[in-house]
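Asks: What follows is a structure written as structure tokens; I'll ask about it next.
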Amino acid sequence: MRWWGWGEDGHEVSLPEPAVALLRDELGADPEARHAPVALEEVRLPEPRLPGAARSRLELAVGPEHVLDDRAARVAHSGGRSYADLVRLRAGDASSAPDAVVAPGTADEVRAVLDACASQRVAVVPFGGGTSVVGGVEPVSDGFEGAVALDLRRLDRVLDVDRASLTATLEAGLLGPEAERRLGEQGVTLGHFPQSFEYSTVGGWVATRSAGQASSGYGRIDALVEGLRLVAPAGEVGGRAVPASAAGPDLRELIVGSEGVLGVICDATLRVRPVPELRRYEGWSFRSFAEGREAFRVMEQADATPDVARLSDEEETRLALSLASSGGFAERAGLAYRRLRGHEGGCVAIVGFEGGEEDAERRRLRAGALLRAGGGLRLGRGPGEAWLRTRYAGPYLRDELLGRGLLVETLETATTWSGLETLYEAVRVALDRSLREAGTPGLVMCHVSHLYRSGASLYFTFIARQADDPLAQWRAAKSAASEAIVGAGGTITHHHAVGRDHAPWMRAEVGELGLELIRAAKERLDPAGIMNPGKLLPA
Ligand SMILES: Cc1cc2nc3c(=O)[nH]c(=O)nc-3n(C[C@H](O)[C@H](O)[C@H](O)COP(=O)(O)OP(=O)(O)OC[C@H]3O[C@@H](n4cnc5c(N)ncnc54)[C@H](O)[C@@H]3O)c2cc1C
């Protein structure tokens with residue numbers, strides 16, 4: 001992945017004219033503006049300060065060729081892929097870069113690295129794909145002799161596929177596409193497709209309680225973990241891979257979502273399903289976001305949930321249609337048809353069904369009847385298939401928008417169905433006000449996805465012209481939205497995890513005693529406190 005953005009060089013996207021016009025007219029974006037990232041050679045990096053003894057022990061642990069401190073490796077591991085990370089990197093600031101990047105190839109090598117770092121007081125940042133959007137992989141070395149990024153991508157084996165039990169044991173560093181490819185060879189799928197799928201890893205998903213785009217059907221990653229292995233500085237702990245157990249509190253739940261602060265997840269046994277015979281995606285239209293939300297609630301509670309279910313609000317629908325080139329999504333979304341049926345200015349939803357042919361078709365018909373009864377208008381397969389084709393396009397588009405001098409950020413939360421409207425309005429108002437106060441009024445958009453019997457998640461995207469101090473502008477908006485989320489009873493994160501950016505709100509999330517419990521586990525597993533300092537727990 002290129003060090004300042006997403007994807008590889010040559011994977012540029014261009015904005016269609018209606019989108020350029022919308023950004024110009026509503027946000028004041030200069031259509032000609034182009035802000036290129038600085039060259040790699042110009043990036044500012046601190047001198048590596050790893051003590052010689054620590055470096056020798058690391059080389060002994062993994063082999064000298066797997067301890068890197070060249071510019072490219074350090075810059076690439078200096079942060080994740082949040083808007084703030086990219087703003088800093090594009091401007092040439094890699095002041096948070098690790099002193100070295102260490103790449104173990106086995107769980108034993110992970111153990112040897114942790115031993116070396118604990119004895120030398122070197123901080124360790126587990127690094128999967130580095131796609132964290134919450135500051136989860138940014139090294140913090142204050143109070144330590146240095147910091148290393150522990151790049152896990154050499155842990156890339158499929159250890160077992162048990163077709164009879166429908167489980168697969170995967171090593172942590174496997175990237176999404178490779179994991180699916182190898183599972184597919186055995187006729188199974190994990191069904192976990194976050195938007196970052198192309199560059200995120202199995203270990204990263206488990207360590208962050210990730211949710212994929214099809215998690216309404218397949219389940220979030222936490223629902224798919226049957227067993228796992230954590231290598232911590234104090235030793236090894238795990239959850240046995242059994243379907244269910246009454247043997248006291250479930251240790252899996254302590255490790256899943258531990259974001260590298262307790263140790264390194266080296267492998268996980270995950271629940272898989274047969275590769276679906278049928279994938280059927282379609283678009284629906286509703287007159288309003290409120291109408292669509294209610295239809296989704298009824299569908300979910302009637303046990304008619306699609307595998308993918310996402311409903312864009314009016315603003316997100318408007319932007320999506322402007323982004324689609326003519327003859328593309330807009331046409332497929334049946335603009336004329338929607339207008340005719342009084343849905344103009346309303347909302348588009350995507351629902352997708354996967355599985356055995358008969359089962360998927362039965363669920364599709366049942367969900368369709370409920371959506372229609374809830375005011376929905378079926379737009380057919382075109383919009384659904386267009387969404388499926390472009391499901392990973394968002395971060396490429398973000399690079400393009402950043403290059404045009406725009407702020408573009410996403411955040412997410414979840415709450416009960418009865419609290420959804422209040423939460424939606426609170427976050428929208430907070431973001432809108434914050435952007436106006438910065439003198440850069442923005443577009444604030446949202447979609448509902450990830451349905452549960454008791455509620456759903458809300459995923460916000462906001463876009464504005466960058467202010468003179470883009471990081472201060474971003475910080476103010478992020479903080480306003482986080483306060484609004486907590487104030488309106490939402491969770492501070494439904495799937496992006498806590499990292500550094502959400503840590504200040506963890507007290508509101510789990511309470512003081514809850515924090516002490518997590519700290520106690522950390523002190524026992526990581527007595528020297530070297531594991532991913534500054535993340536998950538507030539200072
Ligand atoms: C464009 C974009 C779209 C995204 N879409 C989604 C989405 O749809 N759903 C979603 O859930 N998230 C999404 N994310 C967030 C991110 O991709 C997820 O949090 C993902 O699970 C991180 O995986 P990773 O391998 O990149 O982990 P990293 O970013 O490398 O690490 C994330 C955290 O986990 C820790 N960690 C990583 N591997 C291990 C390990 N083996 N053991 C212990 N700790 C470890 C790290 O120290 C860090 O704290 C998105 C991010 C981007 C940039």
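How things are named: the first chain in the structure tokens is A, the next is B, and so on; residues count from 1 in each chain; ligands count from 1 in the order shown.
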Hey, could you make a per-residue contact list for stretch 367-471 of chain A against stretch 497-510 of chain A with 12 Å as the cut-off, showing the nearest pair of atoms and its distance in Å to one decimal, counting only C-alpha atoms, sorted by chain and number, as JSON lines?
Replies:
{"residue": "A:Leu411", "atom": "CA", "partner": "A:Ala497", "partner_atom": "CA", "distance": 10.6}
{"residue": "A:Glu412", "atom": "CA", "partner": "A:Ala497", "partner_atom": "CA", "distance": 9.8}
{"residue": "A:Thr413", "atom": "CA", "partner": "A:Ala497", "partner_atom": "CA", "distance": 10.3}
Asks: With N, CA, C and O atoms retained, could you export that selection as a PDB file, in the first residue's frame?
Replies:
ATOM      1  N   LEU A 411     -17.256   8.188  10.988  1.00  0.00           N
ATOM      2  CA  LEU A 411     -17.296   7.692  12.365  1.00  0.00           C
ATOM      3  C   LEU A 411     -18.581   6.903  12.540  1.00  0.00           C
ATOM      4  O   LEU A 411     -19.526   7.047  11.741  1.00  0.00           O
ATOM      5  N   GLU A 412     -18.622   6.079  13.560  1.00  0.00           N
ATOM      6  CA  GLU A 412     -19.741   5.142  13.671  1.00  0.00           C
ATOM      7  C   GLU A 412     -20.108   4.890  15.118  1.00  0.00           C
ATOM      8  O   GLU A 412     -19.304   5.095  16.018  1.00  0.00           O
ATOM      9  N   THR A 413     -21.332   4.470  15.332  1.00  0.00           N
ATOM     10  CA  THR A 413     -21.828   4.194  16.672  1.00  0.00           C
ATOM     11  C   THR A 413     -22.988   3.214  16.539  1.00  0.00           C
ATOM     12  O   THR A 413     -23.296   2.771  15.434  1.00  0.00           O
TER      13      THR A 413
END
Asks: Could you tell me, as an MDAnalysis selection string, which residues of stretch 15-224 of chain A DSSP assigns to strand (DSSP E) when given the backbone?
Replies: chainID A and resid 67:68 100:102 123:127 147:151 158:162 167:171 188:189
Asks: Please check which protein, DNA or RNA residues sit within 6 Å of ligand 1, counting only C-alpha atoms and all ligand atoms, and write them as a PyMOL selection string.
Replies: chain A and resi 80-82+125-133+136-137+172+194-196+200-201+203-205+207-208+210-213+259-260+263-266+395+495-496+499
Asks: Go ahead and write the residues just picked, N, CA, C and O atoms, as a compact mmCIF listing (two decimals), in the first residue's frame.
Replies:
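Ended up saving to result-v6.txt:
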# COMPACT_ATOMS: atom_id res chain seq x y z
N GLY A 80 -1.77 4.67 11.15
CA GLY A 80 -2.77 3.87 10.44
C GLY A 80 -3.27 4.61 9.21
O GLY A 80 -2.49 5.30 8.53
N ARG A 81 -4.56 4.50 8.95
CA ARG A 81 -5.13 5.09 7.74
C ARG A 81 -6.35 5.96 8.08
O ARG A 81 -7.33 5.98 7.34
N SER A 82 -6.26 6.68 9.21
CA SER A 82 -7.34 7.62 9.50
C SER A 82 -7.12 8.88 8.69
O SER A 82 -6.02 9.11 8.15
N VAL A 125 4.25 -2.35 19.19
CA VAL A 125 2.94 -2.06 18.59
C VAL A 125 2.60 -3.18 17.61
O VAL A 125 3.17 -3.24 16.51
N PRO A 126 1.69 -4.10 17.97
CA PRO A 126 1.29 -5.12 16.99
C PRO A 126 0.70 -4.42 15.76
O PRO A 126 -0.13 -3.52 15.88
N PHE A 127 1.15 -4.84 14.59
CA PHE A 127 0.77 -4.18 13.34
C PHE A 127 0.31 -5.24 12.35
O PHE A 127 1.09 -6.09 11.92
N GLY A 128 -1.00 -5.23 12.02
CA GLY A 128 -1.53 -6.20 11.06
C GLY A 128 -1.44 -5.60 9.67
O GLY A 128 -0.40 -5.61 9.02
N GLY A 129 -2.59 -5.04 9.22
CA GLY A 129 -2.57 -4.34 7.93
C GLY A 129 -2.30 -2.85 8.10
O GLY A 129 -2.09 -2.15 7.11
N GLY A 130 -2.36 -2.37 9.32
CA GLY A 130 -2.14 -0.93 9.56
C GLY A 130 -3.29 -0.07 9.06
O GLY A 130 -3.10 1.09 8.74
N THR A 131 -4.51 -0.63 9.02
CA THR A 131 -5.65 0.14 8.51
C THR A 131 -6.47 0.78 9.63
O THR A 131 -7.57 1.29 9.38
N SER A 132 -5.94 0.76 10.84
CA SER A 132 -6.66 1.39 11.95
C SER A 132 -7.04 2.82 11.60
O SER A 132 -6.24 3.56 11.03
N VAL A 133 -8.26 3.21 11.98
CA VAL A 133 -8.67 4.60 11.76
C VAL A 133 -8.85 5.33 13.08
O VAL A 133 -9.48 6.38 13.14
N GLY A 136 -4.75 3.39 16.33
CA GLY A 136 -4.41 2.14 17.03
C GLY A 136 -3.00 1.64 16.81
O GLY A 136 -2.48 0.87 17.63
N VAL A 137 -2.36 2.03 15.72
CA VAL A 137 -0.99 1.51 15.46
C VAL A 137 0.06 2.62 15.51
O VAL A 137 1.20 2.41 15.11
N ALA A 172 -2.59 -14.89 12.22
CA ALA A 172 -3.08 -13.51 12.38
C ALA A 172 -2.77 -12.60 11.20
O ALA A 172 -3.52 -11.68 10.90
N PRO A 194 -14.96 -6.27 5.66
CA PRO A 194 -14.96 -4.85 5.99
C PRO A 194 -14.56 -4.05 4.76
O PRO A 194 -13.98 -4.61 3.82
N GLN A 195 -14.84 -2.75 4.76
CA GLN A 195 -14.47 -1.96 3.58
C GLN A 195 -12.96 -1.97 3.38
O GLN A 195 -12.47 -1.79 2.27
N SER A 196 -12.22 -2.22 4.46
CA SER A 196 -10.75 -2.27 4.39
C SER A 196 -10.24 -3.66 4.04
O SER A 196 -9.04 -3.93 4.15
N SER A 200 -6.57 -5.36 5.31
CA SER A 200 -6.60 -5.65 6.75
C SER A 200 -6.44 -7.15 6.97
O SER A 200 -6.61 -7.96 6.05
N THR A 201 -6.09 -7.51 8.21
CA THR A 201 -5.71 -8.89 8.50
C THR A 201 -6.68 -9.57 9.48
O THR A 201 -7.40 -8.90 10.22
N GLY A 203 -5.85 -11.08 12.24
CA GLY A 203 -5.52 -10.69 13.62
C GLY A 203 -6.04 -9.30 13.94
O GLY A 203 -6.54 -9.05 15.04
N GLY A 204 -5.93 -8.40 12.97
CA GLY A 204 -6.45 -7.04 13.17
C GLY A 204 -7.96 -7.05 13.38
O GLY A 204 -8.48 -6.34 14.23
N TRP A 205 -8.65 -7.87 12.59
CA TRP A 205 -10.12 -7.93 12.74
C TRP A 205 -10.49 -8.39 14.16
O TRP A 205 -11.34 -7.80 14.80
N ALA A 207 -8.61 -8.36 16.85
CA ALA A 207 -8.13 -7.43 17.89
C ALA A 207 -8.98 -6.17 17.97
O ALA A 207 -8.88 -5.43 18.95
N THR A 208 -9.82 -5.91 16.96
CA THR A 208 -10.62 -4.68 16.96
C THR A 208 -12.13 -4.94 16.97
O THR A 208 -12.91 -4.01 16.81
N SER A 210 -13.98 -6.24 14.69
CA SER A 210 -14.39 -5.67 13.41
C SER A 210 -15.78 -6.17 12.97
O SER A 210 -16.20 -7.27 13.33
N ALA A 211 -16.45 -5.34 12.20
CA ALA A 211 -17.71 -5.76 11.57
C ALA A 211 -17.54 -5.64 10.06
O ALA A 211 -17.03 -4.63 9.58
N GLY A 212 -17.95 -6.66 9.33
CA GLY A 212 -17.84 -6.61 7.87
C GLY A 212 -19.14 -6.09 7.28
O GLY A 212 -20.15 -5.93 7.97
N GLN A 213 -19.09 -5.82 5.97
CA GLN A 213 -20.30 -5.28 5.33
C GLN A 213 -21.44 -6.29 5.35
O GLN A 213 -22.61 -5.91 5.30
N GLU A 259 -6.94 -5.02 21.19
CA GLU A 259 -6.21 -3.97 20.46
C GLU A 259 -4.70 -3.94 20.76
O GLU A 259 -4.08 -2.87 20.85
N GLY A 260 -4.14 -5.11 20.98
CA GLY A 260 -2.69 -5.19 21.13
C GLY A 260 -2.17 -4.76 22.49
O GLY A 260 -0.96 -4.76 22.72
N GLY A 263 -1.30 -8.36 24.45
CA GLY A 263 -0.37 -9.30 23.85
C GLY A 263 -0.69 -9.41 22.37
O GLY A 263 -1.42 -8.58 21.82
N VAL A 264 -0.17 -10.46 21.76
CA VAL A 264 -0.30 -10.62 20.31
C VAL A 264 -1.19 -11.83 20.02
O VAL A 264 -0.90 -12.95 20.47
N ILE A 265 -2.26 -11.61 19.29
CA ILE A 265 -3.09 -12.73 18.84
C ILE A 265 -2.34 -13.38 17.67
O ILE A 265 -2.10 -12.73 16.65
N CYS A 266 -1.92 -14.62 17.86
CA CYS A 266 -1.10 -15.25 16.80
C CYS A 266 -1.95 -16.06 15.83
O CYS A 266 -1.61 -16.17 14.66
N PRO A 395 -12.07 4.22 0.14
CA PRO A 395 -10.78 4.82 0.50
C PRO A 395 -9.99 5.36 -0.69
O PRO A 395 -9.19 6.28 -0.54
N HIS A 495 -17.56 -0.47 15.52
CA HIS A 495 -16.59 -1.41 14.95
C HIS A 495 -15.22 -0.82 14.64
O HIS A 495 -14.29 -1.58 14.36
N HIS A 496 -15.02 0.46 14.70
CA HIS A 496 -13.69 1.00 14.41
C HIS A 496 -12.70 0.79 15.56
O HIS A 496 -11.51 0.98 15.38
N GLY A 499 -8.51 2.44 20.12
CA GLY A 499 -7.21 3.03 19.77
C GLY A 499 -6.86 4.18 20.69
O GLY A 499 -7.18 4.18 21.88
Asks: Distance table requested - stretch 49-86 of chain A against stretch 463-484 of chain A, cut-off 10 Å, only C-alpha atoms: one row per qualifying residue with the closest atom pair and its distance in Å to one decimal, ordered by chain and rising residue number, as JSON lines.
Replies:
{"residue": "A:Tyr83", "atom": "CA", "partner": "A:Trp474", "partner_atom": "CA", "distance": 8.4}
{"residue": "A:Ala84", "atom": "CA", "partner": "A:Leu471", "partner_atom": "CA", "distance": 6.4}
{"residue": "A:Asp85", "atom": "CA", "partner": "A:Leu471", "partner_atom": "CA", "distance": 9.6}
Asks: Do a neighbour search on A:Gln186 at 10 Å with only C-alpha atoms, toss out local chain neighbours closer than 6 positions, and write the hits as an mmCIF file with all heavy atoms, in the first residue's frame.
Replies:
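What follows is the written file part_1.cif:
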data_model
loop_
_atom_site.group_PDB
_atom_site.id
_atom_site.type_symbol
_atom_site.label_atom_id
_atom_site.label_comp_id
_atom_site.auth_asym_id
_atom_site.auth_seq_id
_atom_site.Cartn_x
_atom_site.Cartn_y
_atom_site.Cartn_z
ATOM 1 N N VAL A 161 -8.441 -26.454 8.277
ATOM 2 C CA VAL A 161 -9.832 -26.222 7.885
ATOM 3 C C VAL A 161 -10.589 -27.495 8.223
ATOM 4 O O VAL A 161 -10.249 -28.569 7.732
ATOM 5 C CB VAL A 161 -9.966 -25.900 6.374
ATOM 6 C CG1 VAL A 161 -11.437 -25.786 5.981
ATOM 7 C CG2 VAL A 161 -9.226 -24.613 6.020
ATOM 8 N N ASP A 162 -11.562 -27.381 9.113
ATOM 9 C CA ASP A 162 -12.343 -28.538 9.542
ATOM 10 C C ASP A 162 -13.714 -28.437 8.860
ATOM 11 O O ASP A 162 -14.598 -27.721 9.331
ATOM 12 C CB ASP A 162 -12.460 -28.496 11.077
ATOM 13 C CG ASP A 162 -13.262 -29.669 11.633
ATOM 14 O OD1 ASP A 162 -13.996 -30.316 10.849
ATOM 15 O OD2 ASP A 162 -13.168 -29.919 12.849
ATOM 16 N N ARG A 163 -13.840 -29.152 7.754
ATOM 17 C CA ARG A 163 -15.065 -29.045 6.947
ATOM 18 C C ARG A 163 -16.281 -29.576 7.703
ATOM 19 O O ARG A 163 -17.381 -29.078 7.559
ATOM 20 C CB ARG A 163 -14.919 -29.848 5.638
ATOM 21 C CG ARG A 163 -14.078 -29.203 4.560
ATOM 22 C CD ARG A 163 -14.762 -28.023 3.927
ATOM 23 N NE ARG A 163 -16.209 -28.154 3.810
ATOM 24 C CZ ARG A 163 -16.897 -27.967 2.710
ATOM 25 N NH1 ARG A 163 -16.284 -27.691 1.593
ATOM 26 N NH2 ARG A 163 -18.213 -28.057 2.697
ATOM 27 N N GLU A 180 -9.544 -15.389 2.158
ATOM 28 C CA GLU A 180 -10.740 -15.862 1.441
ATOM 29 C C GLU A 180 -10.360 -16.791 0.285
ATOM 30 O O GLU A 180 -11.054 -17.761 0.005
ATOM 31 C CB GLU A 180 -11.561 -14.677 0.916
ATOM 32 C CG GLU A 180 -12.548 -14.123 1.925
ATOM 33 C CD GLU A 180 -13.599 -15.130 2.387
ATOM 34 O OE1 GLU A 180 -14.039 -15.982 1.599
ATOM 35 O OE2 GLU A 180 -13.981 -15.073 3.579
ATOM 36 N N PRO A 274 -20.190 -22.712 4.083
ATOM 37 C CA PRO A 274 -19.936 -23.108 2.693
ATOM 38 C C PRO A 274 -19.998 -21.869 1.794
ATOM 39 O O PRO A 274 -20.783 -20.954 2.057
ATOM 40 C CB PRO A 274 -21.098 -24.052 2.370
ATOM 41 C CG PRO A 274 -21.623 -24.494 3.699
ATOM 42 C CD PRO A 274 -21.344 -23.397 4.676
ATOM 43 N N VAL A 275 -19.167 -21.845 0.759
ATOM 44 C CA VAL A 275 -19.219 -20.745 -0.215
ATOM 45 C C VAL A 275 -20.649 -20.660 -0.748
ATOM 46 O O VAL A 275 -21.232 -21.690 -1.120
ATOM 47 C CB VAL A 275 -18.219 -21.013 -1.367
ATOM 48 C CG1 VAL A 275 -18.426 -20.035 -2.501
ATOM 49 C CG2 VAL A 275 -16.786 -20.953 -0.854
#
Asks: Would you please extract all alpha helix (DSSP H) residues from stretch 121-356 of chain A, as assigned by DSSP on the backbone, and give them as an NGL selection string?
Replies: :A and (176-185 or 202-208 or 215-218 or 221-224 or 251-255 or 289-301 or 314-323 or 329-332 or 335-340)
Asks: Kindly save the residues from that selection, with C-alpha atoms included, as an mmCIF file, in the first residue's frame.
Replies:
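Here's the written file part.cif:
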data_model
loop_
_atom_site.group_PDB
_atom_site.id
_atom_site.type_symbol
_atom_site.label_atom_id
_atom_site.label_comp_id
_atom_site.auth_asym_id
_atom_site.auth_seq_id
_atom_site.Cartn_x
_atom_site.Cartn_y
_atom_site.Cartn_z
ATOM 1 C CA GLY A 176 -8.450 -10.562 3.712
ATOM 2 C CA PRO A 177 -8.216 -11.535 0.024
ATOM 3 C CA GLU A 178 -5.617 -14.233 0.654
ATOM 4 C CA ALA A 179 -7.592 -15.681 3.575
ATOM 5 C CA GLU A 180 -10.740 -15.862 1.441
ATOM 6 C CA ARG A 181 -8.834 -17.299 -1.504
ATOM 7 C CA ARG A 182 -7.413 -20.131 0.564
ATOM 8 C CA LEU A 183 -10.699 -20.817 2.344
ATOM 9 C CA GLY A 184 -12.453 -20.776 -1.028
ATOM 10 C CA GLU A 185 -10.141 -23.583 -2.204
ATOM 11 C CA VAL A 202 -7.378 -11.689 10.424
ATOM 12 C CA GLY A 203 -5.521 -10.690 13.620
ATOM 13 C CA GLY A 204 -6.446 -7.039 13.166
ATOM 14 C CA TRP A 205 -10.116 -7.935 12.742
ATOM 15 C CA VAL A 206 -10.140 -10.010 15.927
ATOM 16 C CA ALA A 207 -8.132 -7.431 17.892
ATOM 17 C CA THR A 208 -10.622 -4.676 16.962
ATOM 18 C CA SER A 215 -22.114 -8.882 9.229
ATOM 19 C CA SER A 216 -25.894 -8.565 9.567
ATOM 20 C CA GLY A 217 -25.982 -12.053 8.090
ATOM 21 C CA TYR A 218 -22.610 -13.717 8.763
ATOM 22 C CA ILE A 221 -15.912 -11.143 13.786
ATOM 23 C CA ASP A 222 -16.478 -11.473 17.555
ATOM 24 C CA ALA A 223 -19.416 -13.777 16.775
ATOM 25 C CA LEU A 224 -17.159 -15.878 14.525
ATOM 26 C CA LEU A 251 -11.504 -15.582 28.198
ATOM 27 C CA ARG A 252 -12.120 -15.179 24.488
ATOM 28 C CA GLU A 253 -14.109 -12.071 25.325
ATOM 29 C CA LEU A 254 -11.123 -10.561 27.129
ATOM 30 C CA ILE A 255 -8.822 -11.106 24.173
ATOM 31 C CA PHE A 289 -34.724 7.839 6.247
ATOM 32 C CA ALA A 290 -37.242 7.459 9.081
ATOM 33 C CA GLU A 291 -39.530 5.326 6.904
ATOM 34 C CA GLY A 292 -36.626 3.131 5.797
ATOM 35 C CA ARG A 293 -35.327 2.675 9.353
ATOM 36 C CA GLU A 294 -38.725 1.519 10.547
ATOM 37 C CA ALA A 295 -38.990 -0.954 7.666
ATOM 38 C CA PHE A 296 -35.512 -2.300 8.509
ATOM 39 C CA ARG A 297 -36.498 -2.717 12.181
ATOM 40 C CA VAL A 298 -39.608 -4.690 11.303
ATOM 41 C CA MET A 299 -37.643 -6.851 8.844
ATOM 42 C CA GLU A 300 -34.880 -7.557 11.374
ATOM 43 C CA GLN A 301 -37.263 -8.400 14.201
ATOM 44 C CA GLU A 314 -31.206 11.625 2.138
ATOM 45 C CA GLU A 315 -27.816 13.379 2.068
ATOM 46 C CA GLU A 316 -25.795 10.196 1.506
ATOM 47 C CA THR A 317 -28.195 9.161 -1.254
ATOM 48 C CA ARG A 318 -27.801 12.551 -2.913
ATOM 49 C CA LEU A 319 -23.994 12.375 -2.853
ATOM 50 C CA ALA A 320 -23.951 8.725 -4.015
ATOM 51 C CA LEU A 321 -26.066 9.631 -7.018
ATOM 52 C CA SER A 322 -23.839 12.596 -7.876
ATOM 53 C CA LEU A 323 -20.734 10.391 -7.623
ATOM 54 C CA PHE A 329 -25.582 3.957 -10.370
ATOM 55 C CA ALA A 330 -27.914 6.900 -10.967
ATOM 56 C CA GLU A 331 -29.566 5.173 -13.852
ATOM 57 C CA ARG A 332 -29.628 1.880 -12.060
ATOM 58 C CA LEU A 335 -34.244 7.889 -10.847
ATOM 59 C CA ALA A 336 -37.189 8.333 -13.156
ATOM 60 C CA TYR A 337 -39.084 5.505 -11.507
ATOM 61 C CA ARG A 338 -38.463 6.903 -8.033
ATOM 62 C CA ARG A 339 -39.613 10.337 -9.142
ATOM 63 C CA LEU A 340 -42.768 8.854 -10.581
#
Asks: Fewer than 6 positions away in the same chain doesn't count, so skip those; otherwise give me all residues within 7 Å of A:Val158, counting only C-alpha atoms, as a PyMOL selection string.
Replies: chain A and resi 169-171
Asks: Restricted to all heavy atoms, what would the selected residues look like written as a compact mmCIF listing (two decimals), in the first residue's frame?
Replies:
# COMPACT_ATOMS: atom_id res chain seq x y z
N THR A 169 -8.71 -22.53 11.27
CA THR A 169 -7.73 -21.87 12.12
C THR A 169 -6.74 -21.13 11.23
O THR A 169 -6.05 -21.73 10.41
CB THR A 169 -7.01 -22.91 13.02
OG1 THR A 169 -8.03 -23.62 13.74
CG2 THR A 169 -6.06 -22.24 14.00
N LEU A 170 -6.75 -19.81 11.38
CA LEU A 170 -5.95 -18.94 10.51
C LEU A 170 -4.93 -18.18 11.33
O LEU A 170 -5.25 -17.72 12.44
CB LEU A 170 -6.85 -17.93 9.80
CG LEU A 170 -8.07 -18.47 9.04
CD1 LEU A 170 -8.85 -17.31 8.42
CD2 LEU A 170 -7.65 -19.43 7.95
N GLU A 171 -3.73 -18.00 10.76
CA GLU A 171 -2.76 -17.16 11.44
C GLU A 171 -3.13 -15.69 11.28
O GLU A 171 -3.82 -15.29 10.32
CB GLU A 171 -1.36 -17.44 10.92
CG GLU A 171 -0.80 -18.73 11.50
CD GLU A 171 0.70 -18.87 11.33
OE1 GLU A 171 1.22 -18.55 10.23
OE2 GLU A 171 1.35 -19.32 12.27
Asks: Leaving out A:Gly63 and any residue of its chain fewer than 6 positions from it, which residues lie within 10 Å of it when counting only C-alpha atoms, given as a VMD selection string?
Replies: chain A and resid 56 to 57 102 to 105 109
Asks: Selected residues, all heavy atoms, written as a short mmCIF file (atom, residue, chain, number, x, y, z; two decimals), in the first residue's frame, please.
Replies:
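This is the output file again14.cif:
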data_model
loop_
_atom_site.label_atom_id
_atom_site.label_comp_id
_atom_site.auth_asym_id
_atom_site.auth_seq_id
_atom_site.Cartn_x
_atom_site.Cartn_y
_atom_site.Cartn_z
N SER A 56 20.26 -6.19 18.92
CA SER A 56 20.90 -7.51 18.77
C SER A 56 19.95 -8.62 19.19
O SER A 56 19.86 -9.66 18.53
CB SER A 56 22.16 -7.60 19.65
OG SER A 56 22.96 -6.50 19.41
N ARG A 57 19.22 -8.39 20.29
CA ARG A 57 18.31 -9.44 20.75
C ARG A 57 17.17 -9.65 19.75
O ARG A 57 16.71 -10.77 19.52
CB ARG A 57 17.75 -9.09 22.12
CG ARG A 57 18.82 -9.23 23.18
CD ARG A 57 18.37 -9.78 24.50
NE ARG A 57 17.25 -10.66 24.58
CZ ARG A 57 16.53 -10.79 25.69
NH1 ARG A 57 16.82 -10.06 26.75
NH2 ARG A 57 15.53 -11.64 25.74
N VAL A 102 9.82 -4.99 13.13
CA VAL A 102 10.27 -6.36 13.39
C VAL A 102 9.19 -7.31 12.88
O VAL A 102 8.01 -7.13 13.19
CB VAL A 102 10.48 -6.56 14.91
CG1 VAL A 102 10.99 -7.96 15.20
CG2 VAL A 102 11.45 -5.52 15.45
N ALA A 103 9.60 -8.31 12.10
CA ALA A 103 8.61 -9.18 11.46
C ALA A 103 8.85 -10.64 11.83
O ALA A 103 9.59 -11.36 11.15
CB ALA A 103 8.66 -9.00 9.95
N PRO A 104 8.21 -11.12 12.90
CA PRO A 104 8.36 -12.53 13.30
C PRO A 104 7.62 -13.45 12.33
O PRO A 104 6.65 -13.04 11.71
CB PRO A 104 7.70 -12.56 14.68
CG PRO A 104 6.70 -11.45 14.66
CD PRO A 104 7.27 -10.38 13.75
N GLY A 105 8.10 -14.70 12.23
CA GLY A 105 7.47 -15.64 11.30
C GLY A 105 6.71 -16.75 11.99
O GLY A 105 6.00 -17.52 11.34
N GLU A 109 8.69 -16.99 17.64
CA GLU A 109 9.46 -15.76 17.40
C GLU A 109 8.77 -14.54 18.03
O GLU A 109 9.43 -13.64 18.53
CB GLU A 109 9.67 -15.55 15.90
CG GLU A 109 10.65 -16.58 15.31
CD GLU A 109 11.02 -16.31 13.84
OE1 GLU A 109 10.58 -15.30 13.26
OE2 GLU A 109 11.75 -17.15 13.29
#
Asks: Find the residues around A:Trp387 up to 10 Å (only C-alpha atoms counted), leave out those fewer than 3 positions away in its own chain, and share them as a PyMOL selection string.
Replies: chain A and resi 281-283+329+350-351+381-384+390-393
Asks: Out of A:Leu262, A:Ala97, A:Asn532, A:Leu22, which residue has the shortest atom-to-atom distance to A:Ala123 when counting only C-alpha atoms?
Replies: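 Nearest to A:Ala123: A:Asn532.
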Asks: Can you pull out every residue within 8 Å of A:Gly490, counting only C-alpha atoms, but drop anything in the same chain fewer than 2 positions away, and send it as a ChimeraX atom specification?
Replies: /A:413-415,423,485-488,492
